[in-house]
Amino acid sequence: MRVIKIDKKDWESGVGKLFGDYSLFGPVKQGAFHNFAPLEKGQMPDLDYVNTRLSPKSVVYPQCETMFEYTLDETQPDHHVNKEIAKDYSPRAVLGIRPCDVKAIDLVNINFDNPQYQDPWWVQRRDALTTVALGCNNPCATCFCTTAGTGPFDDSCADVLLADMGDHYLAKVRTEKGEALVGKAGWSQDAAGEAGAMDDLAKQAESKISSKIETGKLASKVTTELYDADFWEDVAFSCINCGTCTYLCPTCWCFDIQDEVQGKDGCRMRNWDTCMSGLFTLHGTGHNPRPNKTARVRQRFMHKLKYYVDKYGDGIGCVGCGRCVQQCPVNIDIRRVCELMNRFEPGKECA
Ligand code: SF4
Ligand code: SF4
């Protein structure tokens with residue numbers, strides 16, 4: 001790992017040089033919100049943002065993607081055969097991603113790239129990705145990353161971590177991918193002597209985060225007792241199962257597979273899906289093991305805060321970005337639900 005300095009006057013020209021080697025993604029203003037989007041040649045990422053409404057997970061895991069195509073035309077020799085379609089796995093880089101969102105990509109990686117299963121599309125896009133994170137100098141009031149296993153300047157996952165120092169950026173270049181990117185951009189000014197200033201900025205940012213999530217006792221809870229807790233009815237009461245919390249979450253990974261047929265031509269699509277939808281678990285028989293919204297709300301929180309904790313032993317399935325807290329139309333707050341779960345004692349429930 002090394003630290004370099006990027007003068008802001010050299011930022012735009014450096015990014016400009018990257019367009020030839022990478023498909024670039026970055027935060028752009030879309031209406032009232034920022035979201036991550038592909039950058040047109042010469043377009044700069046808008047780094048003057050706090051957080052995006054949707055997470056950048058779509059850079060490696062598109063909201064909708066075609067997996068296969070086929071024909072039902074029996075005059076064709078390959079009718080009814082699924083054919084994988086060509087995809088773009090050329091190098092891509094995401095600029096200005098927040099450290100918590102990079103951490104979330106690593107977290108989701110557990111689901112798509114593990115000894116039992118390697119999702120070919122995820123793995124190839126993940127391998128093609130270089131992440132240039134931007135530390136958060138001024139986290140939102142709803143950020144609780146420091147108690148969710150990450151932080152505003154978490155440098156454990158990104159290939160490059162930038163710190164905005166006013167007239168220049170300091171960049172921790174952590175990986176070979178990061179070295180390749182800064183080399184192509186022509187950024188090389190050694191700034192080892194300023195590493196301490198970056199650490200000071202990180203401490204200042206961490207001290208601004210007062211929002212917390214209580215997780216210390218989750219692992220010791222008995223799953224079946226937590227599952228049967230009385231508080232789920234109250235937690236779920238106001239939920240409208242809109243799915244907003246799951247679609248904008250950087251760590252939600254559920255999908256559905258649908259066939260779309262027009263005439264005799266068809267394609268098989270993979271689309272993000274949400275455990276908050278009643279259709280998500282509806283069986284072909286008509287049986288639904290999660291038949292009501294209480295069961296669905298419980299599943300969302302039990303998955304992130306209990307099943308994930310028990311299965312991986314690596315903290316909670318949430319990075320504390322606060323998006324679901326900000327955007328839930330009825331103000332259901334994962335911090336409050338986690339507190340109920342963490343404090344739960346069978347027979348001693350309190351609101
Ligand atoms: S965003 Fe809120 S109302 Fe919508 S599904 Fe999630 S918890 Fe329920
Ligand atoms: S559960 Fe909420 S706070 Fe946690 S990572 Fe997902 S959107 Fe962010």
# chains A, B, ... in the order shown; residues from 1 in each chain; ligands from 1
$ residues_near_ligand --ligand "ligand 2" --cutoff "9 Å" --atoms "only C-alpha atoms and all ligand atoms" --output "mmCIF file with C-alpha atoms, in the first residue's frame"
data_model
loop_
_atom_site.group_PDB
_atom_site.id
_atom_site.type_symbol
_atom_site.label_atom_id
_atom_site.label_comp_id
_atom_site.auth_asym_id
_atom_site.auth_seq_id
_atom_site.Cartn_x
_atom_site.Cartn_y
_atom_site.Cartn_z
ATOM 1 C CA LEU A 54 -29.723 3.343 -4.918
ATOM 2 C CA SER A 55 -26.562 1.481 -4.057
ATOM 3 C CA CYS A 100 -19.425 1.026 2.969
ATOM 4 C CA ASP A 101 -20.665 0.226 -0.536
ATOM 5 C CA ALA A 104 -21.132 -4.434 0.676
ATOM 6 C CA THR A 142 -28.533 8.035 9.416
ATOM 7 C CA CYS A 143 -25.111 6.416 8.804
ATOM 8 C CA PHE A 144 -24.192 3.772 11.383
ATOM 9 C CA CYS A 145 -21.319 2.122 9.511
ATOM 10 C CA ALA A 148 -21.812 -2.329 11.304
ATOM 11 C CA CYS A 245 -35.709 -1.201 1.604
ATOM 12 C CA THR A 246 -34.478 -4.223 -0.316
ATOM 13 C CA TYR A 247 -34.096 -2.680 -3.784
ATOM 14 C CA LEU A 248 -31.912 0.138 -2.513
ATOM 15 C CA CYS A 249 -29.892 -1.995 -0.112
ATOM 16 C CA PRO A 250 -26.305 -2.723 -1.164
ATOM 17 C CA THR A 251 -26.310 -6.092 0.635
ATOM 18 C CA CYS A 252 -29.615 -7.541 -0.631
ATOM 19 C CA ARG A 300 -35.749 -9.524 6.055
ATOM 20 C CA PHE A 301 -34.441 -8.773 9.530
ATOM 21 C CA LYS A 304 -29.532 -9.826 7.867
ATOM 22 C CA ILE A 316 -24.248 -8.616 10.342
ATOM 23 C CA GLY A 317 -25.468 -8.618 6.735
ATOM 24 C CA CYS A 318 -25.699 -4.830 6.726
ATOM 25 C CA VAL A 319 -23.037 -2.150 6.295
ATOM 26 C CA GLY A 320 -24.909 0.679 7.991
ATOM 27 C CA CYS A 321 -25.378 2.876 4.910
ATOM 28 C CA GLY A 322 -28.705 4.073 6.299
ATOM 29 C CA ARG A 323 -30.538 4.006 2.947
ATOM 30 C CA CYS A 324 -33.406 1.868 4.218
ATOM 31 C CA VAL A 325 -33.767 4.150 7.247
ATOM 32 C CA GLN A 326 -33.948 7.229 5.023
ATOM 33 C CA GLN A 327 -36.262 5.866 2.342
ATOM 34 C CA ASP A 333 -35.766 1.516 11.248
ATOM 35 C CA ILE A 334 -33.334 -1.431 11.196
ATOM 36 C CA ARG A 335 -31.462 0.048 14.172
#
$ residues_near_ligand --ligand "ligand 1" --cutoff "9 Å" --atoms "only C-alpha atoms and all ligand atoms" --output "count of residues only"
30
$ residues_around --residues "Thr175 (chain A)" --least-positions-apart "4" --cutoff "12 Å" --atoms "only C-alpha atoms" --output "number ranges by chain"
A: 1-3, 130-132, 155-161, 171, 179-182
$ select_by_dssp --residues "region 15-108 of chain A" --states "helix (DSSP H, G or I)" --output "PDB file with N, CA and C atoms, in the first residue's frame"
ATOM      1  N   VAL A  15      -8.827  11.311 -15.008  1.00  0.00           N
ATOM      2  CA  VAL A  15     -10.036  10.517 -15.274  1.00  0.00           C
ATOM      3  C   VAL A  15     -10.229  10.402 -16.781  1.00  0.00           C
ATOM      4  N   GLY A  16      -9.963  11.507 -17.491  1.00  0.00           N
ATOM      5  CA  GLY A  16     -10.119  11.492 -18.960  1.00  0.00           C
ATOM      6  C   GLY A  16      -9.279  10.405 -19.606  1.00  0.00           C
ATOM      7  N   LYS A  17      -8.085  10.160 -19.056  1.00  0.00           N
ATOM      8  CA  LYS A  17      -7.212   9.130 -19.643  1.00  0.00           C
ATOM      9  C   LYS A  17      -7.744   7.718 -19.398  1.00  0.00           C
ATOM     10  N   LEU A  18      -8.599   7.561 -18.401  1.00  0.00           N
ATOM     11  CA  LEU A  18      -9.077   6.213 -18.051  1.00  0.00           C
ATOM     12  C   LEU A  18     -10.138   5.695 -19.020  1.00  0.00           C
ATOM     13  N   PRO A  56     -24.588   1.178  -5.463  1.00  0.00           N
ATOM     14  CA  PRO A  56     -23.919   0.885  -6.738  1.00  0.00           C
ATOM     15  C   PRO A  56     -23.782  -0.602  -7.050  1.00  0.00           C
ATOM     16  N   LYS A  57     -24.542  -1.471  -6.370  1.00  0.00           N
ATOM     17  CA  LYS A  57     -24.351  -2.907  -6.621  1.00  0.00           C
ATOM     18  C   LYS A  57     -24.668  -3.286  -8.069  1.00  0.00           C
ATOM     19  N   SER A  58     -25.469  -2.430  -8.753  1.00  0.00           N
ATOM     20  CA  SER A  58     -25.830  -2.760 -10.136  1.00  0.00           C
ATOM     21  C   SER A  58     -24.618  -2.752 -11.071  1.00  0.00           C
ATOM     22  N   VAL A  59     -23.501  -2.173 -10.630  1.00  0.00           N
ATOM     23  CA  VAL A  59     -22.301  -2.176 -11.479  1.00  0.00           C
ATOM     24  C   VAL A  59     -21.805  -3.615 -11.684  1.00  0.00           C
ATOM     25  N   PRO A  99     -16.904   3.836   0.946  1.00  0.00           N
ATOM     26  CA  PRO A  99     -16.276   2.633   1.511  1.00  0.00           C
ATOM     27  C   PRO A  99     -17.288   1.572   1.971  1.00  0.00           C
ATOM     28  N   CYS A 100     -18.431   2.022   2.516  1.00  0.00           N
ATOM     29  CA  CYS A 100     -19.425   1.026   2.969  1.00  0.00           C
ATOM     30  C   CYS A 100     -19.986   0.246   1.787  1.00  0.00           C
ATOM     31  N   ASP A 101     -20.123   0.914   0.641  1.00  0.00           N
ATOM     32  CA  ASP A 101     -20.665   0.226  -0.536  1.00  0.00           C
ATOM     33  C   ASP A 101     -19.652  -0.749  -1.142  1.00  0.00           C
ATOM     34  N   VAL A 102     -18.363  -0.444  -0.997  1.00  0.00           N
ATOM     35  CA  VAL A 102     -17.351  -1.420  -1.445  1.00  0.00           C
ATOM     36  C   VAL A 102     -17.395  -2.632  -0.519  1.00  0.00           C
ATOM     37  N   LYS A 103     -17.508  -2.362   0.769  1.00  0.00           N
ATOM     38  CA  LYS A 103     -17.612  -3.451   1.744  1.00  0.00           C
ATOM     39  C   LYS A 103     -18.828  -4.330   1.415  1.00  0.00           C
ATOM     40  N   ALA A 104     -19.917  -3.685   0.999  1.00  0.00           N
ATOM     41  CA  ALA A 104     -21.132  -4.434   0.676  1.00  0.00           C
ATOM     42  C   ALA A 104     -20.908  -5.358  -0.521  1.00  0.00           C
ATOM     43  N   ILE A 105     -20.129  -4.919  -1.496  1.00  0.00           N
ATOM     44  CA  ILE A 105     -19.841  -5.796  -2.641  1.00  0.00           C
ATOM     45  C   ILE A 105     -19.086  -7.033  -2.158  1.00  0.00           C
ATOM     46  N   ASP A 106     -18.146  -6.851  -1.254  1.00  0.00           N
ATOM     47  CA  ASP A 106     -17.428  -8.007  -0.693  1.00  0.00           C
ATOM     48  C   ASP A 106     -18.381  -8.913   0.088  1.00  0.00           C
ATOM     49  N   LEU A 107     -19.325  -8.285   0.776  1.00  0.00           N
ATOM     50  CA  LEU A 107     -20.281  -9.060   1.561  1.00  0.00           C
ATOM     51  C   LEU A 107     -21.172  -9.906   0.621  1.00  0.00           C
ATOM     52  N   VAL A 108     -21.670  -9.300  -0.446  1.00  0.00           N
ATOM     53  CA  VAL A 108     -22.532 -10.024  -1.392  1.00  0.00           C
ATOM     54  C   VAL A 108     -21.734 -11.109  -2.121  1.00  0.00           C
TER      55      VAL A 108
END
$ closest_residue --among "A:Glu233, A:Asp10, A:Asp314, A:Asp78" --to "Ala219 (chain A)" --atoms "only C-alpha atoms"
A:Asp314
$ select_by_dssp --residues "region 49-252 of chain A" --states "strand (DSSP E)" --output "PyMOL selection string"
chain A and resi 64-71+83-84+92-97+113-114+117-118+129-134+160-164+168-173+189-190
